[in-house]
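The structure file target05.tsv is reproduced below (TSV, C-alpha atoms (C1' of nucleotides)).
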chain	number	residue	atom	x	y	z
F	3	MET	CA	34.27	-55.73	7.21
F	4	THR	CA	31.93	-56.81	9.97
F	5	THR	CA	31.95	-60.26	11.43
F	6	SER	CA	28.49	-60.89	10.08
F	7	GLY	CA	29.81	-59.88	6.66
F	8	SER	CA	32.57	-62.43	7.01
F	9	GLU	CA	29.98	-65.00	7.97
F	10	GLN	CA	28.12	-64.29	4.75
F	11	LEU	CA	31.30	-64.70	2.76
F	12	LEU	CA	32.12	-67.99	4.41
F	13	ARG	CA	28.65	-69.41	3.83
F	14	GLY	CA	28.67	-68.16	0.29
F	15	ALA	CA	31.87	-70.06	-0.33
F	16	GLY	CA	30.40	-73.23	1.12
F	17	LEU	CA	32.64	-73.16	4.17
F	18	ARG	CA	31.56	-73.91	7.70
F	19	VAL	CA	31.34	-70.82	9.84
F	20	THR	CA	33.59	-70.98	12.87
F	21	ARG	CA	34.89	-68.33	15.18
F	22	PRO	CA	38.50	-68.75	14.11
F	23	ARG	CA	37.55	-68.44	10.45
F	24	THR	CA	35.48	-65.31	10.82
F	25	ALA	CA	38.19	-63.78	12.98
F	26	VAL	CA	40.88	-64.65	10.44
F	27	LEU	CA	38.85	-63.25	7.58
F	28	ASP	CA	38.23	-60.07	9.57
F	29	ALA	CA	41.93	-59.78	10.32
F	30	VAL	CA	42.91	-60.16	6.67
F	31	HIS	CA	40.45	-57.43	5.77
F	32	ALA	CA	41.73	-55.21	8.54
F	33	PHE	CA	45.44	-55.68	7.83
F	34	PRO	CA	46.18	-56.14	4.14
F	35	HIS	CA	49.49	-57.89	3.40
F	36	ALA	CA	49.85	-59.08	6.99
F	37	ASP	CA	51.91	-62.19	7.58
F	38	THR	CA	50.63	-65.22	9.44
F	39	GLU	CA	52.10	-64.21	12.76
F	40	SER	CA	50.46	-60.78	12.63
F	41	ILE	CA	47.18	-62.42	11.76
F	42	ILE	CA	47.52	-64.76	14.69
F	43	GLY	CA	48.11	-61.73	16.90
F	44	ALA	CA	45.12	-59.86	15.52
F	45	VAL	CA	42.86	-62.88	15.88
F	46	ARG	CA	43.94	-63.46	19.45
F	47	ARG	CA	42.94	-59.97	20.44
F	48	GLY	CA	39.34	-61.11	20.14
F	49	LEU	CA	39.81	-64.81	20.59
F	50	PRO	CA	42.76	-65.36	22.92
F	51	GLU	CA	42.79	-69.12	22.86
F	52	VAL	CA	43.06	-69.86	19.12
F	53	SER	CA	45.89	-72.13	18.19
F	54	HIS	CA	48.31	-71.14	15.48
F	55	GLN	CA	47.29	-74.28	13.65
F	56	ALA	CA	43.67	-73.08	13.49
F	57	VAL	CA	44.90	-69.88	11.85
F	58	TYR	CA	47.05	-71.79	9.38
F	59	ASP	CA	44.13	-74.08	8.58
F	60	SER	CA	41.72	-71.17	8.23
F	61	LEU	CA	44.06	-69.26	5.93
F	62	ALA	CA	44.49	-72.37	3.80
F	63	ALA	CA	40.72	-72.89	3.61
F	64	LEU	CA	40.07	-69.23	2.80
F	65	THR	CA	42.79	-69.23	0.16
F	66	GLU	CA	41.47	-72.44	-1.35
F	67	ALA	CA	37.97	-70.96	-1.45
F	68	GLY	CA	39.25	-67.79	-3.09
F	69	LEU	CA	38.20	-65.48	-0.26
F	70	VAL	CA	41.75	-64.35	0.38
F	71	ARG	CA	44.86	-64.36	-1.71
F	72	ARG	CA	48.23	-65.50	-0.56
F	73	ILE	CA	51.32	-63.67	-1.73
F	74	GLN	CA	54.90	-64.45	-0.96
F	75	PRO	CA	57.64	-62.29	-2.46
F	76	SER	CA	61.11	-63.85	-2.42
F	77	GLY	CA	62.64	-63.61	0.99
F	78	SER	CA	59.33	-62.96	2.71
F	79	VAL	CA	57.05	-65.19	4.68
F	80	ALA	CA	53.51	-65.77	3.41
F	81	ARG	CA	51.23	-62.75	3.41
F	82	TYR	CA	47.52	-62.48	2.82
F	83	GLU	CA	45.12	-59.96	1.40
F	84	SER	CA	41.40	-59.75	0.82
F	85	ARG	CA	41.48	-57.72	-2.37
F	86	ILE	CA	40.84	-60.41	-4.95
F	87	ASN	CA	39.69	-60.95	-8.50
F	88	ASP	CA	40.84	-57.58	-9.74
F	89	ASN	CA	44.21	-58.49	-11.18
F	90	HIS	CA	46.21	-56.06	-9.14
F	91	HIS	CA	49.86	-56.47	-8.40
F	92	HIS	CA	52.36	-55.47	-5.73
F	93	VAL	CA	55.38	-53.31	-5.22
F	94	VAL	CA	57.81	-54.49	-2.57
F	95	CYS	CA	60.49	-52.44	-0.83
F	96	ARG	CA	63.86	-54.16	-1.03
F	97	THR	CA	64.97	-52.44	2.16
F	98	CYS	CA	62.12	-52.79	4.61
F	99	GLY	CA	59.81	-55.26	2.89
F	100	ALA	CA	56.84	-52.92	2.79
F	101	ILE	CA	54.19	-53.90	0.26
F	102	ALA	CA	51.76	-51.68	-1.62
F	103	ASP	CA	49.11	-52.47	-4.19
F	104	VAL	CA	49.58	-51.53	-7.82
F	105	ASP	CA	46.90	-51.67	-10.44
F	106	CYS	CA	47.86	-53.42	-13.63
F	107	ALA	CA	49.90	-51.13	-15.82
F	108	VAL	CA	47.98	-50.93	-19.07
F	109	GLY	CA	44.36	-51.89	-18.62
F	110	HIS	CA	44.53	-55.56	-17.86
F	111	ALA	CA	45.95	-57.43	-20.82
F	112	PRO	CA	49.63	-56.98	-21.57
F	113	CYS	CA	51.13	-58.63	-18.58
F	114	LEU	CA	48.81	-61.57	-18.86
F	115	THR	CA	50.00	-62.90	-22.16
F	116	ALA	CA	53.37	-64.53	-22.49
F	117	SER	CA	55.11	-64.16	-25.81
F	118	ASP	CA	56.01	-67.84	-25.83
F	119	ASP	CA	54.33	-69.96	-23.24
F	120	SER	CA	56.43	-73.12	-23.87
F	121	GLY	CA	53.19	-75.08	-24.14
F	122	PHE	CA	52.08	-74.14	-20.65
F	123	ARG	CA	48.40	-73.42	-20.06
F	124	ILE	CA	48.66	-70.12	-18.23
F	125	ASP	CA	45.87	-68.98	-15.91
F	126	GLU	CA	47.45	-66.12	-14.00
F	127	ALA	CA	50.21	-63.59	-14.31
F	128	GLU	CA	51.66	-62.30	-11.08
F	129	VAL	CA	53.73	-59.14	-11.19
F	130	ILE	CA	55.99	-58.00	-8.40
F	131	TYR	CA	57.68	-54.64	-8.70
F	132	TRP	CA	60.87	-54.30	-6.68
F	133	GLY	CA	62.27	-51.04	-5.44
F	134	GLN	CA	62.33	-48.78	-2.45
F	135	CYS	CA	59.44	-47.30	-0.55
F	136	PRO	CA	59.35	-43.53	-0.05
F	137	ALA	CA	60.70	-43.73	3.49
F	138	CYS	CA	63.64	-46.00	2.67
F	139	SER	CA	64.32	-44.06	-0.50
F	140	THR	CA	64.60	-40.83	1.47
F	141	ALA	CA	66.70	-42.45	4.16
F	142	SER	CA	69.25	-43.84	1.72
F	143	ALA	CA	69.42	-40.58	-0.26
F	144	GLN	CA	70.37	-38.67	2.87
F	145	GLN	CA	73.61	-40.46	3.50
N	7	MET	CA	80.31	-72.86	-19.83
N	8	THR	CA	83.78	-74.12	-19.13
N	9	THR	CA	85.40	-73.86	-15.74
N	10	SER	CA	87.94	-71.40	-17.13
N	11	GLY	CA	85.02	-69.34	-18.38
N	12	SER	CA	83.57	-69.33	-14.91
N	13	GLU	CA	86.93	-68.25	-13.59
N	14	GLN	CA	86.86	-65.28	-15.95
N	15	LEU	CA	83.41	-64.35	-14.77
N	16	LEU	CA	84.40	-64.54	-11.13
N	17	ARG	CA	87.50	-62.41	-11.63
N	18	GLY	CA	85.53	-59.96	-13.73
N	19	ALA	CA	83.10	-59.54	-10.87
N	20	GLY	CA	85.91	-58.94	-8.41
N	21	LEU	CA	85.34	-62.20	-6.58
N	22	ARG	CA	88.03	-64.55	-5.40
N	23	VAL	CA	88.30	-67.65	-7.49
N	24	THR	CA	87.77	-70.80	-5.50
N	25	ARG	CA	86.92	-74.34	-6.51
N	26	PRO	CA	83.52	-74.29	-4.86
N	27	ARG	CA	82.60	-71.05	-6.61
N	28	THR	CA	83.62	-72.15	-10.09
N	29	ALA	CA	81.83	-75.45	-9.57
N	30	VAL	CA	78.68	-73.70	-8.35
N	31	LEU	CA	78.74	-71.30	-11.27
N	32	ASP	CA	79.22	-74.20	-13.68
N	33	ALA	CA	76.33	-76.05	-12.07
N	34	VAL	CA	73.98	-73.09	-12.36
N	35	HIS	CA	74.87	-72.80	-16.03
N	36	ALA	CA	74.38	-76.52	-16.56
N	37	PHE	CA	71.07	-76.80	-14.71
N	38	PRO	CA	68.94	-73.69	-15.06
N	39	HIS	CA	66.31	-73.25	-12.33
N	40	ALA	CA	67.93	-75.87	-10.12
N	41	ASP	CA	67.34	-75.61	-6.41
N	42	THR	CA	70.15	-75.47	-3.87
N	43	GLU	CA	70.09	-79.17	-3.11
N	44	SER	CA	70.41	-80.08	-6.79
N	45	ILE	CA	73.29	-77.66	-7.11
N	46	ILE	CA	74.98	-79.21	-4.11
N	47	GLY	CA	74.59	-82.60	-5.78
N	48	ALA	CA	75.97	-81.36	-9.09
N	49	VAL	CA	78.91	-79.66	-7.43
N	50	ARG	CA	79.76	-82.77	-5.41
N	51	ARG	CA	80.03	-84.86	-8.55
N	52	GLY	CA	83.28	-83.05	-9.25
N	53	LEU	CA	84.16	-81.92	-5.75
N	54	PRO	CA	82.85	-84.54	-3.33
N	55	GLU	CA	83.88	-82.83	-0.13
N	56	VAL	CA	82.23	-79.40	-0.46
N	57	SER	CA	80.08	-78.46	2.44
N	58	HIS	CA	76.53	-77.35	1.89
N	59	GLN	CA	77.47	-74.09	3.56
N	60	ALA	CA	80.12	-73.39	0.92
N	61	VAL	CA	77.44	-73.78	-1.73
N	62	TYR	CA	75.05	-71.50	0.12
N	63	ASP	CA	77.83	-68.94	0.54
N	64	SER	CA	78.88	-69.20	-3.09
N	65	LEU	CA	75.33	-68.79	-4.33
N	66	ALA	CA	74.91	-65.74	-2.14
N	67	ALA	CA	78.17	-64.23	-3.41
N	68	LEU	CA	77.30	-64.96	-7.03
N	69	THR	CA	73.82	-63.53	-6.60
N	70	GLU	CA	75.20	-60.45	-4.91
N	71	ALA	CA	77.69	-59.98	-7.74
N	72	GLY	CA	74.96	-60.35	-10.34
N	73	LEU	CA	76.43	-63.48	-11.93
N	74	VAL	CA	73.39	-65.55	-11.14
N	75	ARG	CA	69.81	-64.71	-10.37
N	76	ARG	CA	67.82	-66.17	-7.56
N	77	ILE	CA	64.15	-66.88	-8.08
N	78	GLN	CA	61.68	-68.25	-5.62
N	79	PRO	CA	58.08	-68.68	-6.70
N	80	SER	CA	55.56	-69.05	-3.86
N	81	GLY	CA	55.72	-72.49	-2.37
N	82	SER	CA	59.11	-73.27	-3.86
N	83	VAL	CA	62.57	-73.32	-2.40
N	84	ALA	CA	65.18	-70.97	-3.85
N	85	ARG	CA	66.24	-71.64	-7.43
N	86	TYR	CA	69.04	-70.15	-9.46
N	87	GLU	CA	69.71	-69.37	-13.08
N	88	SER	CA	72.55	-67.87	-15.06
N	89	ARG	CA	70.47	-66.10	-17.68
N	90	ILE	CA	70.67	-62.54	-16.45
N	91	ASN	CA	70.20	-58.95	-17.54
N	92	ASP	CA	67.69	-59.75	-20.28
N	93	ASN	CA	64.49	-59.07	-18.42
N	94	HIS	CA	63.00	-62.48	-18.99
N	95	HIS	CA	60.33	-63.99	-16.82
N	96	HIS	CA	59.11	-67.41	-15.77
N	97	VAL	CA	56.16	-69.69	-16.10
N	98	VAL	CA	55.60	-72.12	-13.25
N	99	CYS	CA	53.51	-75.28	-13.28
N	100	ARG	CA	51.04	-75.30	-10.39
N	101	THR	CA	51.02	-79.08	-10.40
N	102	CYS	CA	54.64	-80.19	-10.63
N	103	GLY	CA	56.54	-76.94	-10.08
N	104	ALA	CA	58.35	-77.06	-13.41
N	105	ILE	CA	59.75	-73.71	-14.52
N	106	ALA	CA	60.35	-72.41	-18.03
N	107	ASP	CA	61.69	-69.12	-19.30
N	108	VAL	CA	59.39	-66.60	-20.95
N	109	ASP	CA	60.54	-63.53	-22.79
N	110	CYS	CA	58.80	-60.35	-21.81
N	111	ALA	CA	55.43	-60.06	-23.48
N	112	VAL	CA	55.61	-56.88	-25.51
N	113	GLY	CA	59.17	-55.84	-26.19
N	114	HIS	CA	60.46	-54.89	-22.81
N	115	ALA	CA	58.54	-51.95	-21.49
N	116	PRO	CA	54.95	-52.55	-20.50
N	117	CYS	CA	55.42	-54.77	-17.52
N	118	LEU	CA	58.10	-52.53	-16.12
N	119	THR	CA	56.01	-49.48	-15.48
N	120	ALA	CA	53.46	-49.44	-12.73
N	121	SER	CA	50.41	-47.28	-13.26
N	122	ASP	CA	50.69	-45.88	-9.76
N	123	ASP	CA	53.86	-46.61	-7.92
N	124	SER	CA	52.70	-45.26	-4.52
N	125	GLY	CA	55.89	-43.24	-4.37
N	126	PHE	CA	58.13	-46.29	-4.63
N	127	ARG	CA	61.29	-46.04	-6.69
N	128	ILE	CA	60.92	-49.17	-8.82
N	129	ASP	CA	63.98	-50.83	-10.32
N	130	GLU	CA	62.67	-54.18	-11.47
N	131	ALA	CA	59.46	-55.87	-12.46
N	132	GLU	CA	59.28	-59.59	-11.93
N	133	VAL	CA	56.57	-61.54	-13.69
N	134	ILE	CA	55.57	-65.06	-12.82
N	135	TYR	CA	53.03	-66.82	-15.01
N	136	TRP	CA	51.14	-69.60	-13.27
N	137	GLY	CA	49.54	-72.52	-15.04
N	138	GLN	CA	50.17	-76.08	-16.04
N	139	CYS	CA	53.05	-77.51	-17.98
N	140	PRO	CA	52.26	-79.61	-21.07
N	141	ALA	CA	52.73	-82.91	-19.24
N	142	CYS	CA	50.52	-82.04	-16.27
N	143	SER	CA	47.98	-80.42	-18.56
N	144	THR	CA	47.69	-83.63	-20.59
N	145	ALA	CA	47.56	-85.77	-17.48
N	146	SER	CA	44.72	-83.80	-15.89
N	147	ALA	CA	42.75	-83.65	-19.15
N	148	GLN	CA	42.77	-87.43	-19.40
N	149	GLN	CA	40.80	-88.10	-16.28
T	11	DC	C1'	108.67	-67.60	-4.09
T	12	DG	C1'	107.22	-66.94	0.67
T	13	DC	C1'	104.54	-64.12	4.01
T	14	DG	C1'	100.70	-61.92	6.09
T	15	DT	C1'	96.17	-60.37	5.68
T	16	DT	C1'	91.74	-61.18	4.30
T	17	DT	C1'	88.29	-63.98	2.66
T	18	DT	C1'	86.29	-68.36	2.27
T	19	DC	C1'	85.42	-73.08	3.67
T	20	DT	C1'	84.36	-76.88	7.15
T	21	DT	C1'	81.92	-78.45	10.90
T	22	DG	C1'	78.16	-78.64	13.60
T	23	DA	C1'	74.54	-76.44	15.98
T	24	DA	C1'	70.50	-73.66	15.73
T	25	DC	C1'	66.43	-71.18	13.91
T	26	DG	C1'	61.77	-70.63	12.36
T	27	DA	C1'	57.93	-70.90	9.12
T	28	DG	C1'	55.24	-74.30	8.17
T	29	DT	C1'	53.38	-79.23	8.43
T	30	DC	C1'	51.84	-83.63	10.50
T	31	DA	C1'	49.14	-86.44	13.61
T	32	DA	C1'	45.81	-87.89	17.16
T	33	DG	C1'	42.18	-86.97	19.80
T	34	DA	C1'	38.66	-83.40	21.56
T	35	DA	C1'	35.32	-80.11	20.27
T	36	DA	C1'	32.25	-77.68	17.33
T	37	DA	C1'	29.20	-77.18	13.11
T	38	DC	C1'	25.36	-78.52	10.65
T	39	DG	C1'	21.84	-81.61	8.24
T	40	DC	C1'	18.14	-84.40	9.60
R	3	DG	C1'	18.67	-83.19	20.12
R	4	DC	C1'	21.70	-86.68	17.50
R	5	DG	C1'	25.08	-88.45	14.59
R	6	DT	C1'	28.32	-87.54	11.14
R	7	DT	C1'	31.68	-84.74	9.38
R	8	DT	C1'	34.72	-81.09	9.72
R	9	DT	C1'	37.53	-78.24	12.42
R	10	DC	C1'	40.31	-77.06	16.42
R	11	DT	C1'	43.86	-78.03	20.17
R	12	DT	C1'	48.08	-79.77	21.50
R	13	DG	C1'	52.53	-80.87	20.74
R	14	DA	C1'	55.99	-82.94	18.08
R	15	DC	C1'	58.55	-82.56	14.01
R	16	DT	C1'	60.48	-81.37	9.22
R	17	DC	C1'	63.54	-79.05	6.32
R	18	DG	C1'	65.51	-75.06	3.96
R	19	DT	C1'	68.33	-71.85	5.54
R	20	DT	C1'	71.33	-69.25	8.72
R	21	DC	C1'	74.74	-68.60	12.51
R	22	DA	C1'	79.26	-69.19	14.69
R	23	DA	C1'	84.04	-70.53	15.45
R	24	DG	C1'	88.07	-72.07	13.89
R	25	DA	C1'	90.88	-74.07	9.87
R	26	DA	C1'	92.22	-73.47	5.23
R	27	DA	C1'	92.79	-71.22	0.95
R	28	DA	C1'	93.35	-66.99	-2.07
R	29	DC	C1'	95.93	-63.20	-3.33
R	30	DG	C1'	98.66	-58.70	-2.98
R	31	DC	C1'	103.18	-57.45	-1.94
R	32	DG	C1'	107.97	-57.46	-1.21

Please, can you express the file's structure as structure tokens?
Amino acid sequence: MTTSGSEQLLRGAGLRVTRPRTAVLDAVHAFPHADTESIIGAVRRGLPEVSHQAVYDSLAALTEAGLVRRIQPSGSVARYESRINDNHHHVVCRTCGAIADVDCAVGHAPCLTASDDSGFRIDEAEVIYWGQCPACSTASAQQ
Amino acid sequence: MTTSGSEQLLRGAGLRVTRPRTAVLDAVHAFPHADTESIIGAVRRGLPEVSHQAVYDSLAALTEAGLVRRIQPSGSVARYESRINDNHHHVVCRTCGAIADVDCAVGHAPCLTASDDSGFRIDEAEVIYWGQCPACSTASAQQ
DNA sequence: CGCGTTTTCTTGAACGAGTCAAGAAAACGC
DNA sequence: GCGTTTTCTTGACTCGTTCAAGAAAACGCG
């Protein structure tokens, strides 16, 4: 993802193009599932003076515009990713918190339809698989 | 759920039986999906002097023992429920945060198997449906 | 029942992700 | 360029949750 590509995305979404925003969007592309603090760090490598608030604001604007997606498994801080609109899910390591992408199990439908929606108008189904990543799984098996 | 029933559950799980714990367990049974502050309030109706820390500790012990389940949709504080071990999921209102139970879509299997687990050893699949509850849906349709 | 050990509870401080607010600076349409 | 609108900087602050130390309660055992 080049900065000019990010610029295109921002304009396309009707957002003003600012240096913090392009840098944040670049960072989310570069580091999928990064938390806000990591994103602040990545942004500051190219733009040392950005305030944390600018990053928070940018992430909120980008999320609102649908350019990034915010995920937040229980017990984790907010994380962001740029893979959007493809109905993928996540697997989270209970031990170290690592996150990996998972495509929807059976095509796209089954997880999206509740058996009884209690009258709710459902627009999204979010699936989080919990378990252990390969490294933690190996580590715990060895003792 | 009577207090003596809660006592049974605690003993069965190998936990010491204390007044805060039975009260917390009762409260979680009485108010499904309640957050910690609501549980503190409910517990204090019968036990006015409990500290908030005792409630936090009790909830942690009960969660650890598998007597209650902790859920925490993005943007929400921690919530607890006593319906456990039946693989049910939740639907959350984007507008007011209301939560309702949802049985798993197709029997029990489909949501539990990732198509590609990236080497993770998965032990649970958590599904959160996002949408609007009947009340908020009606309210937003009217304007 | 009483005792000692272990766990839990009380009290109060602290942490940290995230938010709020006011003014300065930057973006963008004209 | 210019003016309006949005965004960014700075810094304080909120609030759910956790940490820590000592007091109190639970429970196994004699």

TODO: May I have the residues of chain F within 6 Å of chain N, counting all atoms listed in the file, written as a list in words?
DONE: Gln74, Ser76, Ala107, Cys113, Ala116, Ser117, Gly121, Phe122, Arg123, Ile124, Asp125, Glu126, Ala127, Glu128, Val129, Ile130, Tyr131, Trp132, Gly133, Gln134, Cys135 and Pro136 of chain F

Please put the answer as JSON: centre and edge lengths, in Å with one decimal, of a box along x, y and z that encloses all listed atoms of stretch 21-26 of chain F plus 8 Å on each side.
{"center_x": 37.9, "center_y": -66.3, "center_z": 12.8, "size_x": 22.0, "size_y": 21.0, "size_z": 20.7}

TODO: Using atom CA of N:Thr101 and atom CA of N:Thr144 as the two end points, give the distance in Å to one decimal.
DONE: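 Straight-line distance from atom CA of N:Thr101 to atom CA of N:Thr144 works out to 11.6 Å.
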
Open item on the list: One number please: atom CA of N:Ala104 to atom CA of N:Gly52, in Å, one decimal.
Closed with: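 Separation between atom CA of N:Ala104 and atom CA of N:Gly52: 26.0 Å.
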
Under the rule of at most 12 Å, produce a per-residue listing of chain R near chain N: chain, number, name, the closest pair of atoms, and the distance in Å, as JSON lines, using only C-alpha atoms (C1' of nucleotides).
{"residue": "R:DC17", "atom": "C1'", "partner": "N:Val83", "partner_atom": "CA", "distance": 10.5}
{"residue": "R:DG18", "atom": "C1'", "partner": "N:Val83", "partner_atom": "CA", "distance": 7.2}
{"residue": "R:DT19", "atom": "C1'", "partner": "N:Tyr62", "partner_atom": "CA", "distance": 8.6}
{"residue": "R:DT20", "atom": "C1'", "partner": "N:Gln59", "partner_atom": "CA", "distance": 9.4}
{"residue": "R:DC21", "atom": "C1'", "partner": "N:Gln59", "partner_atom": "CA", "distance": 10.8}
{"residue": "R:DA26", "atom": "C1'", "partner": "N:Thr24", "partner_atom": "CA", "distance": 11.9}
{"residue": "R:DA27", "atom": "C1'", "partner": "N:Thr24", "partner_atom": "CA", "distance": 8.2}
{"residue": "R:DA28", "atom": "C1'", "partner": "N:Arg22", "partner_atom": "CA", "distance": 6.7}
{"residue": "R:DC29", "atom": "C1'", "partner": "N:Arg22", "partner_atom": "CA", "distance": 8.3}

Please identify all residues of chain T having at least one atom at most 12 Å from any atom of chain F, considering all atoms listed in the file, and return them as a tab-separated table (two decimals) with C-alpha atoms (C1' of nucleotides), keeping the file's coordinate frame.
chain	number	residue	atom	x	y	z
T	26	DG	C1'	61.77	-70.63	12.36
T	27	DA	C1'	57.93	-70.90	9.12
T	28	DG	C1'	55.24	-74.30	8.17
T	29	DT	C1'	53.38	-79.23	8.43
T	30	DC	C1'	51.84	-83.63	10.50
T	35	DA	C1'	35.32	-80.11	20.27
T	36	DA	C1'	32.25	-77.68	17.33
T	37	DA	C1'	29.20	-77.18	13.11
T	38	DC	C1'	25.36	-78.52	10.65

Open item on the list: Taking only C-alpha atoms into account, name the residue in F:Val57, F:Ile86, F:Ala67, F:Ala143 that is nearest to F:Asp37.
Closed with: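 The answer is F:Val57, which sits nearest to F:Asp37.
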
TODO: Go ahead and compute the interatomic distance for atom C1' of T:DA31 and atom CA of F:Leu17, in Å to one decimal.
DONE: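 These atoms are spaced 23.2 Å apart.
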
Rebuild stretch 129-136 of chain F to all heavy atoms - output it as a compact mmCIF listing (two decimals), in the frame of the given file, please.
# COMPACT_ATOMS: atom_id res chain seq x y z
N VAL F 129 52.65 -60.11 -11.00
CA VAL F 129 53.73 -59.14 -11.19
C VAL F 129 54.17 -58.60 -9.84
O VAL F 129 53.33 -58.18 -9.04
CB VAL F 129 53.30 -57.98 -12.10
CG1 VAL F 129 54.48 -57.04 -12.34
CG2 VAL F 129 52.75 -58.50 -13.42
N ILE F 130 55.45 -58.63 -9.61
CA ILE F 130 55.99 -58.00 -8.40
C ILE F 130 57.01 -56.96 -8.83
O ILE F 130 57.98 -57.26 -9.52
CB ILE F 130 56.64 -59.03 -7.48
CG1 ILE F 130 55.59 -60.03 -6.99
CG2 ILE F 130 57.29 -58.33 -6.29
CD1 ILE F 130 56.13 -61.05 -6.01
N TYR F 131 56.74 -55.73 -8.44
CA TYR F 131 57.68 -54.64 -8.70
C TYR F 131 58.60 -54.52 -7.49
O TYR F 131 58.12 -54.51 -6.35
CB TYR F 131 56.94 -53.31 -8.89
CG TYR F 131 55.99 -53.31 -10.06
CD1 TYR F 131 54.63 -53.61 -9.90
CD2 TYR F 131 56.44 -53.02 -11.34
CE1 TYR F 131 53.77 -53.61 -10.98
CE2 TYR F 131 55.57 -53.02 -12.43
CZ TYR F 131 54.24 -53.32 -12.25
OH TYR F 131 53.38 -53.32 -13.31
N TRP F 132 59.89 -54.43 -7.76
CA TRP F 132 60.87 -54.30 -6.68
C TRP F 132 61.47 -52.90 -6.70
O TRP F 132 61.75 -52.36 -7.77
CB TRP F 132 61.98 -55.33 -6.84
CG TRP F 132 61.51 -56.74 -6.64
CD1 TRP F 132 61.07 -57.59 -7.60
CD2 TRP F 132 61.42 -57.45 -5.41
NE1 TRP F 132 60.70 -58.79 -7.03
CE2 TRP F 132 60.92 -58.73 -5.69
CE3 TRP F 132 61.72 -57.11 -4.08
CZ2 TRP F 132 60.71 -59.69 -4.69
CZ3 TRP F 132 61.51 -58.07 -3.10
CH2 TRP F 132 61.01 -59.34 -3.41
N GLY F 133 61.68 -52.36 -5.51
CA GLY F 133 62.27 -51.04 -5.44
C GLY F 133 62.41 -50.60 -4.00
O GLY F 133 62.66 -51.42 -3.14
N GLN F 134 62.25 -49.31 -3.80
CA GLN F 134 62.33 -48.78 -2.45
C GLN F 134 61.11 -47.94 -2.15
O GLN F 134 60.67 -47.15 -2.98
CB GLN F 134 63.60 -47.94 -2.26
CG GLN F 134 64.84 -48.79 -2.00
CD GLN F 134 65.98 -47.96 -1.44
OE1 GLN F 134 66.30 -46.93 -1.99
NE2 GLN F 134 66.58 -48.42 -0.36
N CYS F 135 60.60 -48.10 -0.94
CA CYS F 135 59.44 -47.30 -0.55
C CYS F 135 59.90 -45.87 -0.29
O CYS F 135 61.09 -45.61 -0.16
CB CYS F 135 58.80 -47.91 0.70
SG CYS F 135 59.80 -47.75 2.19
N PRO F 136 58.99 -44.93 -0.24
CA PRO F 136 59.35 -43.53 -0.05
C PRO F 136 60.26 -43.33 1.17
O PRO F 136 61.27 -42.63 1.08
CB PRO F 136 58.00 -42.84 0.13
CG PRO F 136 57.06 -43.69 -0.65
CD PRO F 136 57.55 -45.09 -0.46
